[in-house]
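**Student:** Here you go, this is upload-v7.tsv (TSV, C-alpha atoms).
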chain	number	residue	atom	x	y	z
A	1	MET	CA	75.80	71.84	17.73
A	2	ASN	CA	72.68	73.92	18.39
A	3	ALA	CA	70.81	70.85	19.74
A	4	ILE	CA	73.61	70.24	22.24
A	5	SER	CA	73.49	73.88	23.33
A	6	ASP	CA	69.72	73.64	23.81
A	7	GLU	CA	70.13	70.41	25.76
A	8	ILE	CA	72.78	71.93	27.99
A	9	LYS	CA	70.62	75.02	28.49
A	10	GLU	CA	67.73	72.76	29.51
A	11	ASP	CA	70.01	70.94	31.98
A	12	TYR	CA	71.23	74.25	33.46
A	13	ASN	CA	67.63	75.44	33.87
A	14	PHE	CA	66.62	72.14	35.44
A	15	ILE	CA	69.54	72.26	37.89
A	16	SER	CA	68.83	75.89	38.79
A	17	ASP	CA	65.13	75.24	39.37
A	18	SER	CA	65.93	72.07	41.31
A	19	LEU	CA	68.35	73.85	43.66
A	20	VAL	CA	65.70	76.42	44.53
A	21	ASP	CA	62.99	73.78	44.95
A	22	ILE	CA	65.15	71.42	47.00
A	23	TYR	CA	66.19	74.18	49.40
A	24	ASP	CA	62.59	75.28	49.82
A	25	GLN	CA	61.30	71.74	50.33
A	26	ILE	CA	63.99	70.82	52.86
A	27	MET	CA	63.20	73.93	54.90
A	28	ARG	CA	59.46	73.15	54.77
A	29	ILE	CA	60.00	69.53	55.78
A	30	GLU	CA	62.28	70.51	58.65
A	31	GLU	CA	59.82	73.12	59.92
A	32	SER	CA	56.94	70.62	59.65
A	33	GLU	CA	58.88	67.86	61.41
A	34	ILE	CA	59.91	70.24	64.19
A	35	LYS	CA	56.25	71.10	64.84
A	36	LYS	CA	55.37	67.39	65.07
A	37	SER	CA	58.34	66.48	67.29
A	38	ARG	CA	59.17	66.88	70.95
A	39	PHE	CA	61.27	69.93	69.91
A	40	LYS	CA	58.31	72.23	69.18
A	41	ASP	CA	60.00	75.16	70.90
A	42	ILE	CA	62.78	75.50	68.32
A	43	THR	CA	62.91	77.26	64.95
A	44	ALA	CA	64.61	75.94	61.82
A	45	LYS	CA	67.31	78.61	62.22
A	46	GLU	CA	67.94	77.51	65.80
A	47	LEU	CA	68.05	73.89	64.60
A	48	HIS	CA	70.82	74.78	62.15
A	49	LEU	CA	72.67	76.64	64.87
A	50	VAL	CA	72.55	73.49	67.04
A	51	HIS	CA	73.82	71.50	64.04
A	52	THR	CA	76.69	73.96	63.53
A	53	ILE	CA	77.73	73.76	67.18
A	54	GLY	CA	77.98	70.00	66.74
A	55	LEU	CA	78.19	67.09	69.14
A	56	HIS	CA	81.76	67.21	70.42
A	57	ASP	CA	83.59	70.17	68.91
A	58	HIS	CA	83.04	72.82	71.60
A	59	LYS	CA	83.38	75.52	68.95
A	60	THR	CA	83.89	79.08	70.08
A	61	THR	CA	81.22	81.70	69.60
A	62	SER	CA	83.49	83.40	67.04
A	63	GLU	CA	83.83	80.18	65.02
A	64	VAL	CA	80.07	79.66	64.94
A	65	ALA	CA	79.44	83.29	63.96
A	66	ARG	CA	81.95	82.97	61.09
A	67	ILE	CA	80.53	79.63	59.85
A	68	LEU	CA	76.96	80.94	59.82
A	69	ARG	CA	77.96	84.43	58.67
A	70	LEU	CA	76.17	86.02	61.63
A	71	SER	CA	77.13	89.11	63.56
A	72	LYS	CA	78.20	88.42	67.11
A	73	GLY	CA	75.14	90.33	68.33
A	74	THR	CA	72.73	88.20	66.30
A	75	LEU	CA	74.52	85.03	67.38
A	76	THR	CA	74.37	86.08	71.04
A	77	ALA	CA	70.60	86.62	70.85
A	78	ASN	CA	70.13	83.18	69.28
A	79	LEU	CA	72.45	81.53	71.81
A	80	ASN	CA	70.56	83.17	74.67
A	81	ASN	CA	67.32	81.61	73.35
A	82	LEU	CA	68.89	78.17	72.91
A	83	GLU	CA	70.46	78.32	76.37
A	84	ARG	CA	67.16	79.39	77.94
A	85	LYS	CA	65.40	76.50	76.16
A	86	GLY	CA	68.01	74.04	77.44
A	87	TYR	CA	69.71	73.08	74.15
A	88	ILE	CA	73.18	74.56	74.68
A	89	SER	CA	75.54	75.65	77.39
A	90	ARG	CA	78.37	78.14	77.35
A	91	ILE	CA	81.71	77.03	78.72
A	92	ILE	CA	84.48	79.43	79.67
A	93	ASN	CA	87.68	78.37	77.94
A	94	GLN	CA	90.20	77.24	80.56
A	95	ARG	CA	93.22	78.47	78.56
A	96	ASP	CA	91.78	81.91	77.81
A	97	ARG	CA	88.88	82.98	79.99
A	98	ARG	CA	87.85	85.64	77.42
A	99	ILE	CA	86.83	82.86	75.02
A	100	ILE	CA	83.46	81.15	75.28
A	101	ASN	CA	83.07	77.61	73.95
A	102	LEU	CA	79.69	76.14	73.14
A	103	ALA	CA	78.39	72.69	73.98
A	104	LEU	CA	75.13	70.88	73.43
A	105	THR	CA	73.18	69.71	76.44
A	106	SER	CA	71.60	66.24	76.41
A	107	LYS	CA	68.46	67.84	74.93
A	108	GLY	CA	70.61	69.55	72.28
A	109	ARG	CA	72.37	66.28	71.45
A	110	LEU	CA	69.00	64.55	70.95
A	111	LEU	CA	67.93	67.31	68.58
A	112	TYR	CA	71.26	67.13	66.75
A	113	ARG	CA	70.95	63.37	66.25
A	114	ALA	CA	67.38	63.64	64.94
A	115	HIS	CA	68.43	66.34	62.47
A	116	TYR	CA	71.50	64.37	61.44
A	117	ALA	CA	69.39	61.26	60.79
A	118	PHE	CA	67.12	63.21	58.43
A	119	HIS	CA	70.11	64.54	56.48
A	120	ARG	CA	71.77	61.12	56.39
A	121	LYS	CA	68.62	59.66	54.79
A	122	LEU	CA	68.51	62.58	52.36
A	123	VAL	CA	72.11	61.97	51.27
A	124	GLU	CA	71.56	58.21	50.96
A	125	GLN	CA	68.56	58.82	48.70
A	126	CYS	CA	70.43	61.44	46.69
A	127	LEU	CA	73.37	59.12	46.06
A	128	LYS	CA	71.33	55.96	45.36
A	129	GLY	CA	72.77	54.24	42.29
A	130	PHE	CA	75.94	56.37	42.27
A	131	ASP	CA	79.38	54.79	42.08
A	132	GLY	CA	82.53	56.22	43.63
A	133	SER	CA	83.26	58.37	40.59
A	134	ASP	CA	79.73	59.81	40.58
A	135	ILE	CA	79.97	60.63	44.28
A	136	LYS	CA	83.26	62.48	43.72
A	137	LYS	CA	81.62	64.53	40.95
A	138	MET	CA	78.66	65.33	43.20
A	139	LYS	CA	81.06	66.34	45.96
A	140	GLN	CA	82.95	68.62	43.55
A	141	ALA	CA	79.69	70.20	42.37
A	142	LEU	CA	78.68	70.93	45.97
A	143	MET	CA	82.13	72.35	46.74
A	144	ASN	CA	81.71	74.62	43.69
A	145	VAL	CA	78.35	75.81	45.07
A	146	GLU	CA	79.91	76.45	48.49
A	147	ASP	CA	82.75	78.41	46.87
A	148	PHE	CA	80.26	80.51	44.90
A	149	ILE	CA	78.17	81.22	47.98
A	150	GLY	CA	81.32	82.18	49.85
A	151	GLU	CA	82.33	84.57	47.06
A	152	VAL	CA	78.97	86.34	46.77
A	153	SER	CA	78.52	86.55	50.53
A	154	GLY	CA	81.99	87.99	51.12
A	155	ARG	CA	83.05	85.02	53.22
Starting from the coordinates I provided, produce the structure as structure tokens.
**Tutor:**
Amino acid sequence: MNAISDEIKEDYNFISDSLVDIYDQIMRIEESEIKKSRFKDITAKELHLVHTIGLHDHKTTSEVARILRLSKGTLTANLNNLERKGYISRIINQRDRRIINLALTSKGRLLYRAHYAFHRKLVEQCLKGFDGSDIKKMKQALMNVEDFIGEVSGR
């Protein structure tokens, strides 16, 4: 019984260390790739904001602020930068003119697609050799992480 407990403890430690390392490495890779790309004028945080806005959703500013857990003031400053750089546009909602929807410009859509391609390759590599049951377990594990992050962040 003690050997199993030690093995499980080792697995927990490995998973914990891996989560930290993977997050750090992904951020470093994204920042490095940005610097080498035609999108040198954007930060990793702005890249993730573009990704959150998405290709076709036309999310509202409030939706984006909630998803990214940003204050409206912080979001506005970031949106101003992205708009000035030509990645996004603001669209007044036709049903309620008080609401602002967000859209990616052609430059923003190019950036989105490049970022999406990187993440698609990452997921393909992560799931290599997995069957349907394994993928469902991985999905459940990631949902558990999202739930935990939501709980500790007050989301």
**Student:** Considering all atoms listed in the file, state which residue in the set A:Asp96, A:Asp24, A:Asn81, A:Glu146 is at the smallest distance from Ile67 of chain A.
**Tutor:**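 Smallest distance to Ile67 of chain A is found for A:Glu146.
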**Student:** Tell me which protein, DNA and RNA residues are within 12 Å of His119 of chain A, counting all atoms listed in the file, leaving out same-chain ones fewer than 3 positions away, and put them as a PyMOL selection string.
**Tutor:** chain A and resi 26-27+29-30+48+51+112-116+122-126
**Student:** Take the residues that were just selected and, keeping C-alpha atoms, output them as a short mmCIF file (atom, residue, chain, number, x, y, z; two decimals), keeping the file's coordinate frame.
**Tutor:**
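Here's the written file out.cif:
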data_model
loop_
_atom_site.label_atom_id
_atom_site.label_comp_id
_atom_site.auth_asym_id
_atom_site.auth_seq_id
_atom_site.Cartn_x
_atom_site.Cartn_y
_atom_site.Cartn_z
CA ILE A 26 63.99 70.82 52.86
CA MET A 27 63.20 73.93 54.90
CA ILE A 29 60.00 69.53 55.78
CA GLU A 30 62.28 70.51 58.65
CA HIS A 48 70.82 74.78 62.15
CA HIS A 51 73.82 71.50 64.04
CA TYR A 112 71.26 67.13 66.75
CA ARG A 113 70.95 63.37 66.25
CA ALA A 114 67.38 63.64 64.94
CA HIS A 115 68.43 66.34 62.47
CA TYR A 116 71.50 64.37 61.44
CA LEU A 122 68.51 62.58 52.36
CA VAL A 123 72.11 61.97 51.27
CA GLU A 124 71.56 58.21 50.96
CA GLN A 125 68.56 58.82 48.70
CA CYS A 126 70.43 61.44 46.69
#
**Student:** Grab the atom CA of Ser106 of chain A to atom CA of Tyr87 of chain A distance for me, in Å with one decimal place.
**Tutor:**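 Interatomic distance here is 7.4 Å.
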**Student:** Rounded to one decimal place, report the atom CA of Leu79 of chain A-atom CA of Gly150 of chain A distance in Å.
**Tutor:** 23.7 Å
**Student:** Separation of atom CA of Ala103 of chain A and atom CA of Arg90 of chain A, in Å?
**Tutor:**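 It comes out at 6.4 Å.
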**Student:** Could you check the closest approach to Arg66 of chain A for each of A:Asn80, A:Ser5, A:Asn93, A:Thr52 and tell me which residue wins, using all atoms listed in the file?
**Tutor:**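 Residue with the minimum atom-to-atom distance to Arg66 of chain A: A:Thr52.
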**Student:** For segment 71-118 of chain A of the structure just presented, write N, CA and C atoms to a file, as a PDB file, in the first residue's frame.
**Tutor:**
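The resulting file, selection.pdb, is reproduced below:
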ATOM      1  N   SER A  71     -10.778  43.856 -15.776  1.00  0.00           N
ATOM      2  CA  SER A  71     -11.683  44.976 -15.535  1.00  0.00           C
ATOM      3  C   SER A  71     -11.988  45.625 -16.878  1.00  0.00           C
ATOM      4  N   LYS A  72     -13.099  46.314 -16.949  1.00  0.00           N
ATOM      5  CA  LYS A  72     -13.449  46.980 -18.203  1.00  0.00           C
ATOM      6  C   LYS A  72     -12.411  48.037 -18.567  1.00  0.00           C
ATOM      7  N   GLY A  73     -11.827  48.693 -17.560  1.00  0.00           N
ATOM      8  CA  GLY A  73     -10.793  49.688 -17.816  1.00  0.00           C
ATOM      9  C   GLY A  73      -9.541  49.085 -18.433  1.00  0.00           C
ATOM     10  N   THR A  74      -9.099  47.955 -17.883  1.00  0.00           N
ATOM     11  CA  THR A  74      -7.924  47.263 -18.423  1.00  0.00           C
ATOM     12  C   THR A  74      -8.207  46.770 -19.835  1.00  0.00           C
ATOM     13  N   LEU A  75      -9.400  46.197 -20.024  1.00  0.00           N
ATOM     14  CA  LEU A  75      -9.767  45.717 -21.352  1.00  0.00           C
ATOM     15  C   LEU A  75      -9.785  46.866 -22.350  1.00  0.00           C
ATOM     16  N   THR A  76     -10.364  47.989 -21.967  1.00  0.00           N
ATOM     17  CA  THR A  76     -10.440  49.139 -22.869  1.00  0.00           C
ATOM     18  C   THR A  76      -9.058  49.595 -23.311  1.00  0.00           C
ATOM     19  N   ALA A  77      -8.112  49.652 -22.382  1.00  0.00           N
ATOM     20  CA  ALA A  77      -6.741  50.055 -22.729  1.00  0.00           C
ATOM     21  C   ALA A  77      -6.132  49.077 -23.734  1.00  0.00           C
ATOM     22  N   ASN A  78      -6.334  47.783 -23.505  1.00  0.00           N
ATOM     23  CA  ASN A  78      -5.806  46.770 -24.429  1.00  0.00           C
ATOM     24  C   ASN A  78      -6.493  46.845 -25.790  1.00  0.00           C
ATOM     25  N   LEU A  79      -7.803  47.054 -25.791  1.00  0.00           N
ATOM     26  CA  LEU A  79      -8.531  47.167 -27.054  1.00  0.00           C
ATOM     27  C   LEU A  79      -8.087  48.395 -27.835  1.00  0.00           C
ATOM     28  N   ASN A  80      -7.846  49.496 -27.122  1.00  0.00           N
ATOM     29  CA  ASN A  80      -7.362  50.703 -27.795  1.00  0.00           C
ATOM     30  C   ASN A  80      -6.050  50.422 -28.528  1.00  0.00           C
ATOM     31  N   ASN A  81      -5.135  49.692 -27.871  1.00  0.00           N
ATOM     32  CA  ASN A  81      -3.854  49.336 -28.497  1.00  0.00           C
ATOM     33  C   ASN A  81      -4.067  48.451 -29.722  1.00  0.00           C
ATOM     34  N   LEU A  82      -4.913  47.424 -29.576  1.00  0.00           N
ATOM     35  CA  LEU A  82      -5.144  46.514 -30.697  1.00  0.00           C
ATOM     36  C   LEU A  82      -5.835  47.225 -31.865  1.00  0.00           C
ATOM     37  N   GLU A  83      -6.730  48.140 -31.545  1.00  0.00           N
ATOM     38  CA  GLU A  83      -7.413  48.894 -32.608  1.00  0.00           C
ATOM     39  C   GLU A  83      -6.415  49.822 -33.320  1.00  0.00           C
ATOM     40  N   ARG A  84      -5.589  50.477 -32.552  1.00  0.00           N
ATOM     41  CA  ARG A  84      -4.571  51.379 -33.116  1.00  0.00           C
ATOM     42  C   ARG A  84      -3.600  50.613 -34.009  1.00  0.00           C
ATOM     43  N   LYS A  85      -3.278  49.364 -33.626  1.00  0.00           N
ATOM     44  CA  LYS A  85      -2.353  48.538 -34.397  1.00  0.00           C
ATOM     45  C   LYS A  85      -3.025  47.853 -35.590  1.00  0.00           C
ATOM     46  N   GLY A  86      -4.353  47.957 -35.674  1.00  0.00           N
ATOM     47  CA  GLY A  86      -5.071  47.420 -36.825  1.00  0.00           C
ATOM     48  C   GLY A  86      -5.522  45.977 -36.714  1.00  0.00           C
ATOM     49  N   TYR A  87      -5.599  45.431 -35.485  1.00  0.00           N
ATOM     50  CA  TYR A  87      -5.996  44.038 -35.309  1.00  0.00           C
ATOM     51  C   TYR A  87      -7.498  43.855 -35.060  1.00  0.00           C
ATOM     52  N   ILE A  88      -8.133  44.846 -34.487  1.00  0.00           N
ATOM     53  CA  ILE A  88      -9.561  44.720 -34.147  1.00  0.00           C
ATOM     54  C   ILE A  88     -10.308  45.980 -34.570  1.00  0.00           C
ATOM     55  N   SER A  89     -11.625  45.822 -34.618  1.00  0.00           N
ATOM     56  CA  SER A  89     -12.486  46.998 -34.781  1.00  0.00           C
ATOM     57  C   SER A  89     -13.648  46.854 -33.805  1.00  0.00           C
ATOM     58  N   ARG A  90     -14.167  47.985 -33.418  1.00  0.00           N
ATOM     59  CA  ARG A  90     -15.343  48.022 -32.547  1.00  0.00           C
ATOM     60  C   ARG A  90     -16.553  48.292 -33.423  1.00  0.00           C
ATOM     61  N   ILE A  91     -17.619  47.570 -33.142  1.00  0.00           N
ATOM     62  CA  ILE A  91     -18.848  47.709 -33.920  1.00  0.00           C
ATOM     63  C   ILE A  91     -19.982  48.028 -32.963  1.00  0.00           C
ATOM     64  N   ILE A  92     -20.703  49.096 -33.226  1.00  0.00           N
ATOM     65  CA  ILE A  92     -21.855  49.428 -32.388  1.00  0.00           C
ATOM     66  C   ILE A  92     -22.967  48.437 -32.698  1.00  0.00           C
ATOM     67  N   ASN A  93     -23.495  47.834 -31.645  1.00  0.00           N
ATOM     68  CA  ASN A  93     -24.568  46.852 -31.777  1.00  0.00           C
ATOM     69  C   ASN A  93     -25.808  47.543 -32.335  1.00  0.00           C
ATOM     70  N   GLN A  94     -26.385  46.987 -33.384  1.00  0.00           N
ATOM     71  CA  GLN A  94     -27.538  47.609 -34.039  1.00  0.00           C
ATOM     72  C   GLN A  94     -28.819  47.497 -33.212  1.00  0.00           C
ATOM     73  N   ARG A  95     -28.921  46.493 -32.362  1.00  0.00           N
ATOM     74  CA  ARG A  95     -30.118  46.337 -31.518  1.00  0.00           C
ATOM     75  C   ARG A  95     -30.071  47.224 -30.284  1.00  0.00           C
ATOM     76  N   ASP A  96     -28.867  47.421 -29.748  1.00  0.00           N
ATOM     77  CA  ASP A  96     -28.698  48.246 -28.554  1.00  0.00           C
ATOM     78  C   ASP A  96     -27.403  49.029 -28.718  1.00  0.00           C
ATOM     79  N   ARG A  97     -27.520  50.285 -29.052  1.00  0.00           N
ATOM     80  CA  ARG A  97     -26.363  51.104 -29.406  1.00  0.00           C
ATOM     81  C   ARG A  97     -25.416  51.341 -28.223  1.00  0.00           C
ATOM     82  N   ARG A  98     -25.826  50.970 -27.007  1.00  0.00           N
ATOM     83  CA  ARG A  98     -24.929  51.078 -25.852  1.00  0.00           C
ATOM     84  C   ARG A  98     -23.909  49.954 -25.826  1.00  0.00           C
ATOM     85  N   ILE A  99     -24.165  48.891 -26.574  1.00  0.00           N
ATOM     86  CA  ILE A  99     -23.313  47.701 -26.575  1.00  0.00           C
ATOM     87  C   ILE A  99     -22.314  47.786 -27.721  1.00  0.00           C
ATOM     88  N   ILE A 100     -21.068  47.459 -27.398  1.00  0.00           N
ATOM     89  CA  ILE A 100     -20.000  47.437 -28.400  1.00  0.00           C
ATOM     90  C   ILE A 100     -19.607  45.980 -28.653  1.00  0.00           C
ATOM     91  N   ASN A 101     -19.672  45.585 -29.913  1.00  0.00           N
ATOM     92  CA  ASN A 101     -19.192  44.268 -30.319  1.00  0.00           C
ATOM     93  C   ASN A 101     -17.793  44.421 -30.894  1.00  0.00           C
ATOM     94  N   LEU A 102     -17.040  43.343 -30.829  1.00  0.00           N
ATOM     95  CA  LEU A 102     -15.658  43.359 -31.288  1.00  0.00           C
ATOM     96  C   LEU A 102     -15.502  42.427 -32.482  1.00  0.00           C
ATOM     97  N   ALA A 103     -14.692  42.848 -33.433  1.00  0.00           N
ATOM     98  CA  ALA A 103     -14.418  42.024 -34.608  1.00  0.00           C
ATOM     99  C   ALA A 103     -12.938  42.129 -34.938  1.00  0.00           C
ATOM    100  N   LEU A 104     -12.425  41.065 -35.519  1.00  0.00           N
ATOM    101  CA  LEU A 104     -11.045  41.072 -35.978  1.00  0.00           C
ATOM    102  C   LEU A 104     -10.994  41.653 -37.389  1.00  0.00           C
ATOM    103  N   THR A 105      -9.987  42.445 -37.637  1.00  0.00           N
ATOM    104  CA  THR A 105      -9.728  42.939 -38.986  1.00  0.00           C
ATOM    105  C   THR A 105      -9.038  41.817 -39.771  1.00  0.00           C
ATOM    106  N   SER A 106      -8.734  42.039 -41.029  1.00  0.00           N
ATOM    107  CA  SER A 106      -8.031  41.000 -41.798  1.00  0.00           C
ATOM    108  C   SER A 106      -6.679  40.686 -41.152  1.00  0.00           C
ATOM    109  N   LYS A 107      -5.987  41.711 -40.655  1.00  0.00           N
ATOM    110  CA  LYS A 107      -4.719  41.506 -39.954  1.00  0.00           C
ATOM    111  C   LYS A 107      -4.937  40.684 -38.680  1.00  0.00           C
ATOM    112  N   GLY A 108      -6.001  40.965 -37.956  1.00  0.00           N
ATOM    113  CA  GLY A 108      -6.336  40.216 -36.751  1.00  0.00           C
ATOM    114  C   GLY A 108      -6.690  38.771 -37.053  1.00  0.00           C
ATOM    115  N   ARG A 109      -7.388  38.549 -38.174  1.00  0.00           N
ATOM    116  CA  ARG A 109      -7.743  37.179 -38.553  1.00  0.00           C
ATOM    117  C   ARG A 109      -6.500  36.371 -38.938  1.00  0.00           C
ATOM    118  N   LEU A 110      -5.540  37.014 -39.603  1.00  0.00           N
ATOM    119  CA  LEU A 110      -4.272  36.334 -39.916  1.00  0.00           C
ATOM    120  C   LEU A 110      -3.543  35.919 -38.641  1.00  0.00           C
ATOM    121  N   LEU A 111      -3.476  36.832 -37.683  1.00  0.00           N
ATOM    122  CA  LEU A 111      -2.845  36.535 -36.406  1.00  0.00           C
ATOM    123  C   LEU A 111      -3.571  35.397 -35.698  1.00  0.00           C
ATOM    124  N   TYR A 112      -4.897  35.464 -35.680  1.00  0.00           N
ATOM    125  CA  TYR A 112      -5.703  34.426 -35.043  1.00  0.00           C
ATOM    126  C   TYR A 112      -5.381  33.063 -35.656  1.00  0.00           C
ATOM    127  N   ARG A 113      -5.369  32.991 -36.977  1.00  0.00           N
ATOM    128  CA  ARG A 113      -5.138  31.710 -37.657  1.00  0.00           C
ATOM    129  C   ARG A 113      -3.736  31.158 -37.362  1.00  0.00           C
ATOM    130  N   ALA A 114      -2.745  32.025 -37.307  1.00  0.00           N
ATOM    131  CA  ALA A 114      -1.379  31.574 -36.984  1.00  0.00           C
ATOM    132  C   ALA A 114      -1.326  31.022 -35.562  1.00  0.00           C
ATOM    133  N   HIS A 115      -1.967  31.706 -34.630  1.00  0.00           N
ATOM    134  CA  HIS A 115      -1.998  31.259 -33.239  1.00  0.00           C
ATOM    135  C   HIS A 115      -2.765  29.948 -33.119  1.00  0.00           C
ATOM    136  N   TYR A 116      -3.884  29.867 -33.816  1.00  0.00           N
ATOM    137  CA  TYR A 116      -4.703  28.653 -33.783  1.00  0.00           C
ATOM    138  C   TYR A 116      -3.913  27.461 -34.323  1.00  0.00           C
ATOM    139  N   ALA A 117      -3.147  27.666 -35.394  1.00  0.00           N
ATOM    140  CA  ALA A 117      -2.368  26.578 -35.987  1.00  0.00           C
ATOM    141  C   ALA A 117      -1.346  26.036 -34.983  1.00  0.00           C
ATOM    142  N   PHE A 118      -0.694  26.935 -34.253  1.00  0.00           N
ATOM    143  CA  PHE A 118       0.259  26.493 -33.230  1.00  0.00           C
ATOM    144  C   PHE A 118      -0.444  25.627 -32.186  1.00  0.00           C
TER     145      PHE A 118
END
